[in-house]
file data.pdb (PDB, C-alpha atoms, pLDDT in the B column)
ATOM      1  CA  MET A 204     -46.136  44.883  26.842  1.00 68.00           C
ATOM      2  CA  ASP A 205     -48.717  42.852  28.771  1.00 82.00           C
ATOM      3  CA  SER A 206     -48.011  41.623  32.300  1.00 84.00           C
ATOM      4  CA  ALA A 207     -48.024  37.934  31.348  1.00 89.00           C
ATOM      5  CA  THR A 208     -45.099  38.589  29.012  1.00 94.00           C
ATOM      6  CA  ARG A 209     -43.207  40.810  31.460  1.00 94.00           C
ATOM      7  CA  GLU A 210     -43.497  38.204  34.202  1.00 95.00           C
ATOM      8  CA  LYS A 211     -41.459  35.774  32.120  1.00 97.00           C
ATOM      9  CA  LEU A 212     -38.399  38.032  32.177  1.00 97.00           C
ATOM     10  CA  ILE A 213     -35.966  38.127  35.090  1.00 98.00           C
ATOM     11  CA  VAL A 214     -33.132  40.617  34.747  1.00 98.00           C
ATOM     12  CA  ALA A 215     -29.892  39.709  36.496  1.00 97.00           C
ATOM     13  CA  LEU A 216     -28.482  42.672  38.407  1.00 97.00           C
ATOM     14  CA  ASP A 217     -24.919  41.403  38.240  1.00 93.00           C
ATOM     15  CA  VAL A 218     -23.506  44.829  39.048  1.00 95.00           C
ATOM     16  CA  PRO A 219     -20.809  45.832  41.549  1.00 95.00           C
ATOM     17  CA  ASP A 220     -22.721  47.803  44.165  1.00 96.00           C
ATOM     18  CA  LEU A 221     -26.015  49.058  45.533  1.00 97.00           C
ATOM     19  CA  ALA A 222     -25.905  52.357  43.651  1.00 97.00           C
ATOM     20  CA  ALA A 223     -25.496  50.627  40.278  1.00 97.00           C
ATOM     21  CA  ALA A 224     -28.246  48.127  41.108  1.00 97.00           C
ATOM     22  CA  TRP A 225     -30.603  50.911  42.152  1.00 96.00           C
ATOM     23  CA  ARG A 226     -30.002  52.924  38.972  1.00 96.00           C
ATOM     24  CA  MET A 227     -30.546  49.905  36.728  1.00 97.00           C
ATOM     25  CA  ALA A 228     -33.623  48.677  38.567  1.00 97.00           C
ATOM     26  CA  ARG A 229     -35.234  52.109  38.465  1.00 95.00           C
ATOM     27  CA  ARG A 230     -34.644  52.314  34.713  1.00 96.00           C
ATOM     28  CA  LEU A 231     -36.118  48.894  34.096  1.00 97.00           C
ATOM     29  CA  ALA A 232     -39.007  49.008  36.564  1.00 93.00           C
ATOM     30  CA  GLY A 233     -42.221  48.265  34.709  1.00 90.00           C
ATOM     31  CA  HIS A 234     -40.385  46.501  31.901  1.00 93.00           C
ATOM     32  CA  VAL A 235     -39.469  43.251  33.690  1.00 95.00           C
ATOM     33  CA  GLY A 236     -41.152  40.797  36.012  1.00 95.00           C
ATOM     34  CA  MET A 237     -38.382  40.209  38.510  1.00 97.00           C
ATOM     35  CA  PHE A 238     -34.806  41.153  39.354  1.00 98.00           C
ATOM     36  CA  LYS A 239     -32.135  38.618  40.196  1.00 98.00           C
ATOM     37  CA  VAL A 240     -29.766  39.450  43.031  1.00 98.00           C
ATOM     38  CA  GLY A 241     -26.775  37.130  42.872  1.00 97.00           C
ATOM     39  CA  SER A 242     -23.595  36.538  44.825  1.00 96.00           C
ATOM     40  CA  GLN A 243     -21.610  39.530  43.549  1.00 96.00           C
ATOM     41  CA  LEU A 244     -24.240  42.109  44.448  1.00 98.00           C
ATOM     42  CA  PHE A 245     -25.317  40.447  47.680  1.00 98.00           C
ATOM     43  CA  VAL A 246     -21.757  40.181  48.977  1.00 97.00           C
ATOM     44  CA  ALA A 247     -21.124  43.823  48.082  1.00 96.00           C
ATOM     45  CA  ALA A 248     -24.357  45.295  49.422  1.00 97.00           C
ATOM     46  CA  GLY A 249     -25.903  42.674  51.708  1.00 97.00           C
ATOM     47  CA  PRO A 250     -29.608  42.435  52.571  1.00 97.00           C
ATOM     48  CA  ARG A 251     -29.894  46.197  52.136  1.00 97.00           C
ATOM     49  CA  VAL A 252     -30.027  45.825  48.366  1.00 97.00           C
ATOM     50  CA  VAL A 253     -33.009  43.480  48.602  1.00 98.00           C
ATOM     51  CA  GLU A 254     -34.775  45.802  51.031  1.00 97.00           C
ATOM     52  CA  LYS A 255     -34.172  48.843  48.827  1.00 96.00           C
ATOM     53  CA  LEU A 256     -35.400  47.119  45.662  1.00 96.00           C
ATOM     54  CA  ALA A 257     -38.449  45.761  47.439  1.00 96.00           C
ATOM     55  CA  GLY A 258     -39.158  49.277  48.660  1.00 94.00           C
ATOM     56  CA  PHE A 259     -40.433  50.303  45.240  1.00 91.00           C
ATOM     57  CA  GLY A 260     -42.299  47.043  44.649  1.00 93.00           C
ATOM     58  CA  ALA A 261     -39.653  44.971  42.862  1.00 95.00           C
ATOM     59  CA  ARG A 262     -39.927  41.201  43.036  1.00 97.00           C
ATOM     60  CA  ILE A 263     -36.639  39.446  43.772  1.00 98.00           C
ATOM     61  CA  PHE A 264     -35.024  36.174  42.752  1.00 98.00           C
ATOM     62  CA  LEU A 265     -32.348  35.696  45.415  1.00 98.00           C
ATOM     63  CA  ASP A 266     -29.793  33.654  43.513  1.00 98.00           C
ATOM     64  CA  LEU A 267     -27.311  32.548  46.191  1.00 98.00           C
ATOM     65  CA  LYS A 268     -27.257  28.817  45.347  1.00 98.00           C
ATOM     66  CA  PHE A 269     -27.050  27.565  48.922  1.00 98.00           C
ATOM     67  CA  HIS A 270     -24.954  24.396  49.073  1.00 98.00           C
ATOM     68  CA  ASP A 271     -23.850  23.251  52.518  1.00 98.00           C
ATOM     69  CA  ILE A 272     -24.755  20.826  55.278  1.00 98.00           C
ATOM     70  CA  PRO A 273     -28.526  20.653  55.864  1.00 98.00           C
ATOM     71  CA  ASN A 274     -28.536  22.629  59.120  1.00 98.00           C
ATOM     72  CA  THR A 275     -26.619  25.532  57.579  1.00 98.00           C
ATOM     73  CA  VAL A 276     -28.857  25.631  54.520  1.00 98.00           C
ATOM     74  CA  VAL A 277     -31.981  25.625  56.682  1.00 98.00           C
ATOM     75  CA  GLY A 278     -30.747  28.744  58.463  1.00 98.00           C
ATOM     76  CA  ALA A 279     -29.815  30.447  55.215  1.00 98.00           C
ATOM     77  CA  VAL A 280     -33.144  29.680  53.543  1.00 98.00           C
ATOM     78  CA  ARG A 281     -35.098  30.955  56.536  1.00 97.00           C
ATOM     79  CA  ALA A 282     -33.076  34.179  56.559  1.00 97.00           C
ATOM     80  CA  ALA A 283     -33.570  34.634  52.815  1.00 97.00           C
ATOM     81  CA  ALA A 284     -37.312  34.041  53.088  1.00 97.00           C
ATOM     82  CA  GLY A 285     -37.517  36.756  55.727  1.00 96.00           C
ATOM     83  CA  LEU A 286     -36.290  39.443  53.348  1.00 97.00           C
ATOM     84  CA  PRO A 287     -38.947  41.632  51.701  1.00 97.00           C
ATOM     85  CA  GLY A 288     -39.834  41.104  48.073  1.00 97.00           C
ATOM     86  CA  VAL A 289     -38.144  37.711  47.716  1.00 98.00           C
ATOM     87  CA  ARG A 290     -40.190  35.436  45.445  1.00 98.00           C
ATOM     88  CA  LEU A 291     -37.604  32.842  44.412  1.00 98.00           C
ATOM     89  CA  ILE A 292     -34.760  31.284  46.409  1.00 98.00           C
ATOM     90  CA  ASN A 293     -32.391  28.625  45.150  1.00 98.00           C
ATOM     91  CA  VAL A 294     -30.184  25.899  46.520  1.00 98.00           C
ATOM     92  CA  HIS A 295     -27.773  23.669  44.633  1.00 98.00           C
ATOM     93  CA  ALA A 296     -29.209  20.238  43.909  1.00 98.00           C
ATOM     94  CA  LEU A 297     -25.776  18.662  44.399  1.00 97.00           C
ATOM     95  CA  GLY A 298     -26.286  19.330  48.109  1.00 98.00           C
ATOM     96  CA  GLY A 299     -28.416  16.219  48.063  1.00 98.00           C
ATOM     97  CA  LEU A 300     -31.901  14.998  48.810  1.00 98.00           C
ATOM     98  CA  GLU A 301     -31.845  15.584  52.571  1.00 98.00           C
ATOM     99  CA  MET A 302     -30.454  19.105  52.242  1.00 98.00           C
ATOM    100  CA  MET A 303     -33.184  20.034  49.777  1.00 98.00           C
ATOM    101  CA  ARG A 304     -35.908  18.346  51.792  1.00 98.00           C
ATOM    102  CA  VAL A 305     -35.149  20.185  55.033  1.00 98.00           C
ATOM    103  CA  ALA A 306     -34.702  23.466  53.172  1.00 98.00           C
ATOM    104  CA  ARG A 307     -38.192  23.087  51.730  1.00 98.00           C
ATOM    105  CA  ALA A 308     -39.628  22.159  55.130  1.00 97.00           C
ATOM    106  CA  ALA A 309     -38.039  25.259  56.672  1.00 95.00           C
ATOM    107  CA  LEU A 310     -40.143  27.504  54.436  1.00 96.00           C
ATOM    108  CA  GLY A 311     -43.480  26.201  55.667  1.00 88.00           C
ATOM    109  CA  GLY A 312     -46.547  26.071  53.497  1.00 79.00           C
ATOM    110  CA  ARG A 313     -48.195  29.509  53.269  1.00 78.00           C
ATOM    111  CA  ARG A 314     -47.214  32.732  51.529  1.00 86.00           C
ATOM    112  CA  ARG A 315     -43.639  31.647  51.036  1.00 95.00           C
ATOM    113  CA  PRO A 316     -41.032  32.186  48.336  1.00 97.00           C
ATOM    114  CA  ARG A 317     -40.748  29.332  45.898  1.00 98.00           C
ATOM    115  CA  LEU A 318     -37.688  27.171  46.330  1.00 98.00           C
ATOM    116  CA  ILE A 319     -35.829  25.904  43.275  1.00 98.00           C
ATOM    117  CA  ALA A 320     -32.626  23.953  42.736  1.00 98.00           C
ATOM    118  CA  VAL A 321     -29.716  24.612  40.410  1.00 98.00           C
ATOM    119  CA  THR A 322     -28.984  21.558  38.268  1.00 98.00           C
ATOM    120  CA  VAL A 323     -26.026  22.154  35.914  1.00 95.00           C
ATOM    121  CA  LEU A 324     -24.585  25.623  35.437  1.00 91.00           C
ATOM    122  CA  THR A 325     -25.067  26.955  31.913  1.00 89.00           C
ATOM    123  CA  SER A 326     -21.340  27.756  31.822  1.00 90.00           C
ATOM    124  CA  GLN A 327     -20.579  24.015  31.936  1.00 91.00           C
ATOM    125  CA  ASP A 328     -20.400  21.554  29.075  1.00 91.00           C
ATOM    126  CA  ARG A 329     -19.701  17.826  29.010  1.00 93.00           C
ATOM    127  CA  ALA A 330     -15.937  18.293  29.186  1.00 94.00           C
ATOM    128  CA  SER A 331     -16.112  20.551  32.234  1.00 94.00           C
ATOM    129  CA  LEU A 332     -18.463  18.123  33.999  1.00 94.00           C
ATOM    130  CA  ARG A 333     -16.021  15.281  33.358  1.00 95.00           C
ATOM    131  CA  ARG A 334     -13.240  17.283  34.958  1.00 94.00           C
ATOM    132  CA  THR A 335     -15.310  17.445  38.131  1.00 94.00           C
ATOM    133  CA  GLY A 336     -15.827  13.684  38.125  1.00 95.00           C
ATOM    134  CA  ILE A 337     -19.341  13.693  36.622  1.00 95.00           C
ATOM    135  CA  ALA A 338     -19.434  11.299  33.674  1.00 94.00           C
ATOM    136  CA  ALA A 339     -23.006  12.042  32.599  1.00 96.00           C
ATOM    137  CA  PRO A 340     -23.626  14.651  29.866  1.00 95.00           C
ATOM    138  CA  PRO A 341     -25.377  17.875  30.946  1.00 95.00           C
ATOM    139  CA  LEU A 342     -28.843  16.720  29.860  1.00 95.00           C
ATOM    140  CA  ALA A 343     -28.718  13.468  31.814  1.00 97.00           C
ATOM    141  CA  GLN A 344     -27.205  15.157  34.869  1.00 97.00           C
ATOM    142  CA  ALA A 345     -29.758  17.986  34.868  1.00 97.00           C
ATOM    143  CA  LEU A 346     -32.618  15.528  34.513  1.00 98.00           C
ATOM    144  CA  LYS A 347     -31.313  13.374  37.367  1.00 98.00           C
ATOM    145  CA  LEU A 348     -31.008  16.392  39.662  1.00 98.00           C
ATOM    146  CA  ALA A 349     -34.424  17.734  38.647  1.00 98.00           C
ATOM    147  CA  ARG A 350     -36.023  14.440  39.649  1.00 98.00           C
ATOM    148  CA  LEU A 351     -34.177  14.598  42.957  1.00 98.00           C
ATOM    149  CA  ALA A 352     -35.422  18.156  43.549  1.00 98.00           C
ATOM    150  CA  ARG A 353     -38.981  17.103  42.811  1.00 98.00           C
ATOM    151  CA  GLN A 354     -38.637  14.176  45.199  1.00 98.00           C
ATOM    152  CA  ALA A 355     -37.486  16.634  47.884  1.00 98.00           C
ATOM    153  CA  GLY A 356     -40.650  18.703  47.366  1.00 98.00           C
ATOM    154  CA  LEU A 357     -39.048  21.696  45.692  1.00 98.00           C
ATOM    155  CA  ASP A 358     -41.029  23.920  43.351  1.00 98.00           C
ATOM    156  CA  GLY A 359     -38.688  23.651  40.397  1.00 98.00           C
ATOM    157  CA  VAL A 360     -35.184  23.950  39.043  1.00 98.00           C
ATOM    158  CA  VAL A 361     -32.727  26.136  37.196  1.00 98.00           C
ATOM    159  CA  ALA A 362     -31.658  24.482  33.943  1.00 97.00           C
ATOM    160  CA  SER A 363     -30.605  25.393  30.429  1.00 94.00           C
ATOM    161  CA  ALA A 364     -33.128  25.571  27.600  1.00 94.00           C
ATOM    162  CA  GLN A 365     -31.758  22.319  26.188  1.00 94.00           C
ATOM    163  CA  GLU A 366     -33.056  20.411  29.220  1.00 96.00           C
ATOM    164  CA  VAL A 367     -36.497  21.972  29.657  1.00 97.00           C
ATOM    165  CA  ARG A 368     -38.542  19.519  27.610  1.00 97.00           C
ATOM    166  CA  ALA A 369     -37.014  16.450  29.270  1.00 97.00           C
ATOM    167  CA  ILE A 370     -37.552  17.965  32.718  1.00 98.00           C
ATOM    168  CA  ARG A 371     -41.163  18.776  31.834  1.00 96.00           C
ATOM    169  CA  ARG A 372     -41.812  15.176  30.776  1.00 96.00           C
ATOM    170  CA  ALA A 373     -40.218  13.830  33.957  1.00 97.00           C
ATOM    171  CA  CYS A 374     -41.508  16.333  36.525  1.00 98.00           C
ATOM    172  CA  GLY A 375     -44.776  17.671  35.164  1.00 96.00           C
ATOM    173  CA  SER A 376     -46.178  20.923  33.845  1.00 94.00           C
ATOM    174  CA  LYS A 377     -46.438  22.632  37.255  1.00 96.00           C
ATOM    175  CA  PHE A 378     -42.756  22.118  38.074  1.00 98.00           C
ATOM    176  CA  LEU A 379     -41.024  25.462  37.520  1.00 98.00           C
ATOM    177  CA  VAL A 380     -38.113  25.697  35.128  1.00 98.00           C
ATOM    178  CA  VAL A 381     -36.033  28.879  35.229  1.00 98.00           C
ATOM    179  CA  VAL A 382     -33.665  29.234  32.279  1.00 97.00           C
ATOM    180  CA  PRO A 383     -30.464  31.314  32.454  1.00 94.00           C
ATOM    181  CA  GLY A 384     -27.833  31.516  29.736  1.00 89.00           C
ATOM    182  CA  VAL A 385     -30.283  33.367  27.493  1.00 92.00           C
ATOM    183  CA  ARG A 386     -28.709  35.390  24.711  1.00 87.00           C
ATOM    184  CA  PRO A 387     -30.627  37.361  22.060  1.00 83.00           C
ATOM    185  CA  GLY A 388     -29.453  36.788  18.513  1.00 71.00           C
ATOM    186  CA  GLY A 389     -26.085  38.413  17.895  1.00 62.00           C
ATOM    187  CA  ALA A 390     -25.254  38.838  21.590  1.00 62.00           C
ATOM    188  CA  ARG A 391     -21.905  37.600  22.890  1.00 65.00           C
ATOM    189  CA  ARG A 392     -21.935  34.235  24.640  1.00 62.00           C
ATOM    190  CA  GLY A 393     -19.429  35.403  27.241  1.00 64.00           C
ATOM    191  CA  ASP A 394     -18.675  32.583  29.687  1.00 65.00           C
ATOM    192  CA  GLN A 395     -21.837  30.651  28.815  1.00 76.00           C
ATOM    193  CA  ALA A 396     -21.561  27.230  27.181  1.00 72.00           C
ATOM    194  CA  ARG A 397     -25.194  26.159  26.784  1.00 76.00           C
ATOM    195  CA  VAL A 398     -27.181  29.125  25.514  1.00 76.00           C
ATOM    196  CA  ALA A 399     -30.509  29.813  23.824  1.00 90.00           C
ATOM    197  CA  THR A 400     -32.349  32.820  22.466  1.00 93.00           C
ATOM    198  CA  PRO A 401     -35.356  34.116  24.413  1.00 95.00           C
ATOM    199  CA  ALA A 402     -37.700  32.600  21.832  1.00 95.00           C
ATOM    200  CA  GLU A 403     -35.984  29.218  21.960  1.00 94.00           C
ATOM    201  CA  ALA A 404     -36.191  29.120  25.757  1.00 96.00           C
ATOM    202  CA  ILE A 405     -39.882  30.077  25.802  1.00 96.00           C
ATOM    203  CA  ARG A 406     -40.792  27.604  23.051  1.00 95.00           C
ATOM    204  CA  ALA A 407     -38.979  24.891  25.013  1.00 95.00           C
ATOM    205  CA  GLY A 408     -41.345  25.623  27.910  1.00 96.00           C
ATOM    206  CA  ALA A 409     -39.392  27.884  30.278  1.00 97.00           C
ATOM    207  CA  ASP A 410     -41.495  29.512  32.992  1.00 97.00           C
ATOM    208  CA  TYR A 411     -38.943  32.289  33.394  1.00 98.00           C
ATOM    209  CA  ILE A 412     -35.860  33.343  31.476  1.00 97.00           C
ATOM    210  CA  VAL A 413     -32.919  35.142  33.077  1.00 97.00           C
ATOM    211  CA  VAL A 414     -31.117  37.777  31.023  1.00 96.00           C
ATOM    212  CA  GLY A 415     -28.252  39.810  32.417  1.00 94.00           C
ATOM    213  CA  ARG A 416     -25.450  41.395  30.418  1.00 92.00           C
ATOM    214  CA  PRO A 417     -27.315  41.693  27.078  1.00 93.00           C
ATOM    215  CA  ILE A 418     -29.673  44.076  28.886  1.00 96.00           C
ATOM    216  CA  THR A 419     -27.642  45.652  31.684  1.00 95.00           C
ATOM    217  CA  GLU A 420     -24.598  46.328  29.495  1.00 94.00           C
ATOM    218  CA  ALA A 421     -26.621  47.591  26.537  1.00 94.00           C
ATOM    219  CA  ARG A 422     -26.358  51.225  25.481  1.00 95.00           C
ATOM    220  CA  ASP A 423     -30.092  51.496  26.128  1.00 97.00           C
ATOM    221  CA  PRO A 424     -31.140  48.846  28.695  1.00 97.00           C
ATOM    222  CA  VAL A 425     -34.839  49.647  28.383  1.00 97.00           C
ATOM    223  CA  ARG A 426     -34.772  49.206  24.622  1.00 96.00           C
ATOM    224  CA  ALA A 427     -32.822  45.950  25.030  1.00 95.00           C
ATOM    225  CA  ALA A 428     -35.376  44.670  27.552  1.00 96.00           C
ATOM    226  CA  GLU A 429     -38.259  45.606  25.264  1.00 96.00           C
ATOM    227  CA  ALA A 430     -36.628  43.698  22.393  1.00 95.00           C
ATOM    228  CA  VAL A 431     -36.385  40.608  24.602  1.00 96.00           C
ATOM    229  CA  LEU A 432     -40.027  41.039  25.651  1.00 96.00           C
ATOM    230  CA  ALA A 433     -41.103  41.291  22.019  1.00 95.00           C
ATOM    231  CA  GLU A 434     -39.328  38.016  21.301  1.00 94.00           C
ATOM    232  CA  ILE A 435     -40.984  36.394  24.334  1.00 96.00           C
ATOM    233  CA  ALA A 436     -44.407  37.610  23.216  1.00 94.00           C
ATOM    234  CA  SER A 437     -43.897  36.243  19.707  1.00 92.00           C
ATOM    235  CA  ALA A 438     -42.752  32.887  21.072  1.00 92.00           C
ATOM    236  CA  LEU A 439     -45.740  32.680  23.420  1.00 91.00           C
ATOM    237  CA  ARG A 440     -48.112  33.222  20.514  1.00 85.00           C
ATOM    238  CA  THR A 441     -46.522  30.489  18.420  1.00 79.00           C
ATOM    239  CA  HIS A 442     -46.276  28.235  21.509  1.00 63.00           C
ATOM    240  CA  GLY A 443     -50.031  28.376  21.869  1.00 56.00           C
ATOM    241  CA  GLU A 444     -50.251  30.361  25.092  1.00 46.00           C
TER     242      GLU A 444
END

call {"tool": "encode", "arguments": {"input": "data.pdb", "output": "structure tokens"}}
result
Amino acid sequence: MDSATREKLIVALDVPDLAAAWRMARRLAGHVGMFKVGSQLFVAAGPRVVEKLAGFGARIFLDLKFHDIPNTVVGAVRAAAGLPGVRLINVHALGGLEMMRVARAALGGRRRPRLIAVTVLTSQDRASLRRTGIAAPPLAQALKLARLARQAGLDGVVASAQEVRAIRRACGSKFLVVVPGVRPGGARRGDQARVATPAEAIRAGADYIVVGRPITEARDPVRAAEAVLAEIASALRTHGE
């Protein structure tokens, strides 16, 4: 598969420890563009997991969703940016404009990881948002937070495939949109509420898609990744890229 297709795929290493992450990453190296290190793995293994993955050239999306007072987030973002191999870092847009603005400023302007903001988790639907006191439906809420992230100078957002087109219209073609909650046809939804197939996410305009369990829990993870890549490639052709 060509590099332009591989770069679209981020595999979530939502595994319990460094040894499991290392085994999976070594199997999938050369088949994916980036690996996502999230809270479970980072809490279990710490910065060492990022350093070890970067040691064989892996690119990392450090998915820790920083959401705190501005000063704390600045320190966290700077520490994250100092780790080898980190290409994407995220904060939570609900932290507010000032938090996002100072986080972006803390990264400087040259050779830095790109900073993106989580809008609405793909595990949430309208009912779950209402229970948290947010009356807006997911689309409206994600769009509002994407505009706020753009105003703060961030490079993009994390949003479901259902929101990509609206975010593109509002924030422009260069604003990154990373889409999680991606499930190949026939895969279990698990705890995800707003899902899309790889092809649907790419046709909607996703820059990157994040796939975890359908690949990492597959009997043959490499074959599962290649099937996702084939779907991405087909969607890119029909999308005119």

call {"tool": "resolve_selection", "arguments": {"input": "data.pdb", "expression": "the PyMOL selection byres ((chain A and resi 408) around 12)", "output": "PDB file with C-alpha atoms, keeping the file's coordinate frame"}}
result
ATOM      1  CA  LYS A 211     -41.459  35.774  32.120  1.00 97.00           C
ATOM      2  CA  ALA A 362     -31.658  24.482  33.943  1.00 97.00           C
ATOM      3  CA  SER A 363     -30.605  25.393  30.429  1.00 94.00           C
ATOM      4  CA  ALA A 364     -33.128  25.571  27.600  1.00 94.00           C
ATOM      5  CA  GLN A 365     -31.758  22.319  26.188  1.00 94.00           C
ATOM      6  CA  GLU A 366     -33.056  20.411  29.220  1.00 96.00           C
ATOM      7  CA  VAL A 367     -36.497  21.972  29.657  1.00 97.00           C
ATOM      8  CA  ARG A 368     -38.542  19.519  27.610  1.00 97.00           C
ATOM      9  CA  ALA A 369     -37.014  16.450  29.270  1.00 97.00           C
ATOM     10  CA  ILE A 370     -37.552  17.965  32.718  1.00 98.00           C
ATOM     11  CA  ARG A 371     -41.163  18.776  31.834  1.00 96.00           C
ATOM     12  CA  ARG A 372     -41.812  15.176  30.776  1.00 96.00           C
ATOM     13  CA  GLY A 375     -44.776  17.671  35.164  1.00 96.00           C
ATOM     14  CA  SER A 376     -46.178  20.923  33.845  1.00 94.00           C
ATOM     15  CA  LYS A 377     -46.438  22.632  37.255  1.00 96.00           C
ATOM     16  CA  PHE A 378     -42.756  22.118  38.074  1.00 98.00           C
ATOM     17  CA  LEU A 379     -41.024  25.462  37.520  1.00 98.00           C
ATOM     18  CA  VAL A 380     -38.113  25.697  35.128  1.00 98.00           C
ATOM     19  CA  VAL A 381     -36.033  28.879  35.229  1.00 98.00           C
ATOM     20  CA  VAL A 382     -33.665  29.234  32.279  1.00 97.00           C
ATOM     21  CA  PRO A 401     -35.356  34.116  24.413  1.00 95.00           C
ATOM     22  CA  ALA A 402     -37.700  32.600  21.832  1.00 95.00           C
ATOM     23  CA  GLU A 403     -35.984  29.218  21.960  1.00 94.00           C
ATOM     24  CA  ALA A 404     -36.191  29.120  25.757  1.00 96.00           C
ATOM     25  CA  ILE A 405     -39.882  30.077  25.802  1.00 96.00           C
ATOM     26  CA  ARG A 406     -40.792  27.604  23.051  1.00 95.00           C
ATOM     27  CA  ALA A 407     -38.979  24.891  25.013  1.00 95.00           C
ATOM     28  CA  ALA A 409     -39.392  27.884  30.278  1.00 97.00           C
ATOM     29  CA  ASP A 410     -41.495  29.512  32.992  1.00 97.00           C
ATOM     30  CA  TYR A 411     -38.943  32.289  33.394  1.00 98.00           C
ATOM     31  CA  ILE A 412     -35.860  33.343  31.476  1.00 97.00           C
ATOM     32  CA  ILE A 435     -40.984  36.394  24.334  1.00 96.00           C
ATOM     33  CA  ALA A 438     -42.752  32.887  21.072  1.00 92.00           C
ATOM     34  CA  LEU A 439     -45.740  32.680  23.420  1.00 91.00           C
ATOM     35  CA  THR A 441     -46.522  30.489  18.420  1.00 79.00           C
ATOM     36  CA  HIS A 442     -46.276  28.235  21.509  1.00 63.00           C
ATOM     37  CA  GLY A 443     -50.031  28.376  21.869  1.00 56.00           C
ATOM     38  CA  GLU A 444     -50.251  30.361  25.092  1.00 46.00           C
TER      39      GLU A 444
END

call {"tool": "residues_around", "arguments": {"input": "data.pdb", "residues": "Ala339 of chain A", "least_positions_apart": "5", "cutoff": "12 Å", "atoms": "all atoms listed in the file", "output": "PyMOL selection string"}}
result
chain A and resi 323+328-334+344-348

call {"tool": "write_last_selection", "arguments": {"input": "data.pdb", "atoms": "C-alpha atoms", "output": "mmCIF file, keeping the file's coordinate frame"}}
result
data_model
loop_
_atom_site.group_PDB
_atom_site.id
_atom_site.type_symbol
_atom_site.label_atom_id
_atom_site.label_comp_id
_atom_site.auth_asym_id
_atom_site.auth_seq_id
_atom_site.Cartn_x
_atom_site.Cartn_y
_atom_site.Cartn_z
ATOM 1 C CA VAL A 323 -26.026 22.154 35.914
ATOM 2 C CA ASP A 328 -20.400 21.554 29.075
ATOM 3 C CA ARG A 329 -19.701 17.826 29.010
ATOM 4 C CA ALA A 330 -15.937 18.293 29.186
ATOM 5 C CA SER A 331 -16.112 20.551 32.234
ATOM 6 C CA LEU A 332 -18.463 18.123 33.999
ATOM 7 C CA ARG A 333 -16.021 15.281 33.358
ATOM 8 C CA ARG A 334 -13.240 17.283 34.958
ATOM 9 C CA GLN A 344 -27.205 15.157 34.869
ATOM 10 C CA ALA A 345 -29.758 17.986 34.868
ATOM 11 C CA LEU A 346 -32.618 15.528 34.513
ATOM 12 C CA LYS A 347 -31.313 13.374 37.367
ATOM 13 C CA LEU A 348 -31.008 16.392 39.662
#

call {"tool": "atom_distance", "arguments": {"input": "data.pdb", "atom1": "atom CA of Leu221 of chain A", "atom2": "atom CA of Phe264 of chain A"}}
result
16.0 Å

call {"tool": "resolve_selection", "arguments": {"input": "data.pdb", "expression": "the PyMOL selection byres ((chain A and resi 276-288) around 6)", "output": "PDB file with C-alpha atoms, in the frame of the given file"}}
result
ATOM      1  CA  GLU A 254     -34.775  45.802  51.031  1.00 97.00           C
ATOM      2  CA  ALA A 257     -38.449  45.761  47.439  1.00 96.00           C
ATOM      3  CA  ARG A 262     -39.927  41.201  43.036  1.00 97.00           C
ATOM      4  CA  ILE A 263     -36.639  39.446  43.772  1.00 98.00           C
ATOM      5  CA  ASP A 271     -23.850  23.251  52.518  1.00 98.00           C
ATOM      6  CA  PRO A 273     -28.526  20.653  55.864  1.00 98.00           C
ATOM      7  CA  ASN A 274     -28.536  22.629  59.120  1.00 98.00           C
ATOM      8  CA  THR A 275     -26.619  25.532  57.579  1.00 98.00           C
ATOM      9  CA  VAL A 289     -38.144  37.711  47.716  1.00 98.00           C
ATOM     10  CA  ALA A 306     -34.702  23.466  53.172  1.00 98.00           C
TER      11      ALA A 306
END

call {"tool": "closest_residue", "arguments": {"input": "data.pdb", "among": "A:Leu291, A:Leu244, A:Met303, A:Leu216", "to": "Ile272 of chain A", "atoms": "all atoms listed in the file"}}
result
A:Met303

call {"tool": "closest_residue", "arguments": {"input": "data.pdb", "among": "A:Pro316, A:Pro219, A:Pro387, A:Gly336", "to": "Val246 of chain A", "atoms": "only C-alpha atoms"}}
result
A:Pro219

call {"tool": "atom_distance", "arguments": {"input": "data.pdb", "atom1": "atom CA of Val385 of chain A", "atom2": "atom CA of Gly241 of chain A"}}
result
16.2 Å

call {"tool": "closest_residue", "arguments": {"input": "data.pdb", "among": "A:Val253, A:His295, A:Pro417, A:Ala308", "to": "Glu429 of chain A", "atoms": "all atoms listed in the file"}}
result
A:Pro417

call {"tool": "closest_residue", "arguments": {"input": "data.pdb", "among": "A:Val214, A:Ile337, A:Val294, A:Arg229", "to": "Arg416 of chain A", "atoms": "all atoms listed in the file"}}
result
A:Val214

call {"tool": "closest_residue", "arguments": {"input": "data.pdb", "among": "A:Ala355, A:Ile292, A:Ala373, A:Ile213", "to": "Val305 of chain A", "atoms": "all atoms listed in the file"}}
result
A:Ala355

call {"tool": "closest_residue", "arguments": {"input": "data.pdb", "among": "A:Gly388, A:Pro383, A:Gly356, A:Gly249", "to": "Ala309 of chain A", "atoms": "only C-alpha atoms"}}
result
A:Gly356

call {"tool": "atom_distance", "arguments": {"input": "data.pdb", "atom1": "atom CA of Ala296 of chain A", "atom2": "atom CA of Ala352 of chain A"}}
result
6.6 Å

call {"tool": "resolve_selection", "arguments": {"input": "data.pdb", "expression": "the PyMOL selection byres ((chain A and resi 233) around 12)", "output": "VMD selection string"}}
result
chain A and resid 204 to 206 208 to 210 212 to 214 227 to 232 234 to 238 259 to 262 425 428 to 429 432

call {"tool": "decode", "arguments": {"input": "data.pdb", "residues": "segment 286-293 of chain A", "atoms": "C-alpha atoms", "output": "mmCIF file, in the first residue's frame"}}
result
data_model
loop_
_atom_site.group_PDB
_atom_site.id
_atom_site.type_symbol
_atom_site.label_atom_id
_atom_site.label_comp_id
_atom_site.auth_asym_id
_atom_site.auth_seq_id
_atom_site.Cartn_x
_atom_site.Cartn_y
_atom_site.Cartn_z
ATOM 1 C CA LEU A 286 9.054 13.178 23.948
ATOM 2 C CA PRO A 287 10.581 11.580 20.836
ATOM 3 C CA GLY A 288 8.373 10.647 17.925
ATOM 4 C CA VAL A 289 5.330 12.641 19.048
ATOM 5 C CA ARG A 290 3.553 14.167 16.042
ATOM 6 C CA LEU A 291 0.097 14.881 17.465
ATOM 7 C CA ILE A 292 -0.930 16.062 20.938
ATOM 8 C CA ASN A 293 -4.463 16.802 22.051
#
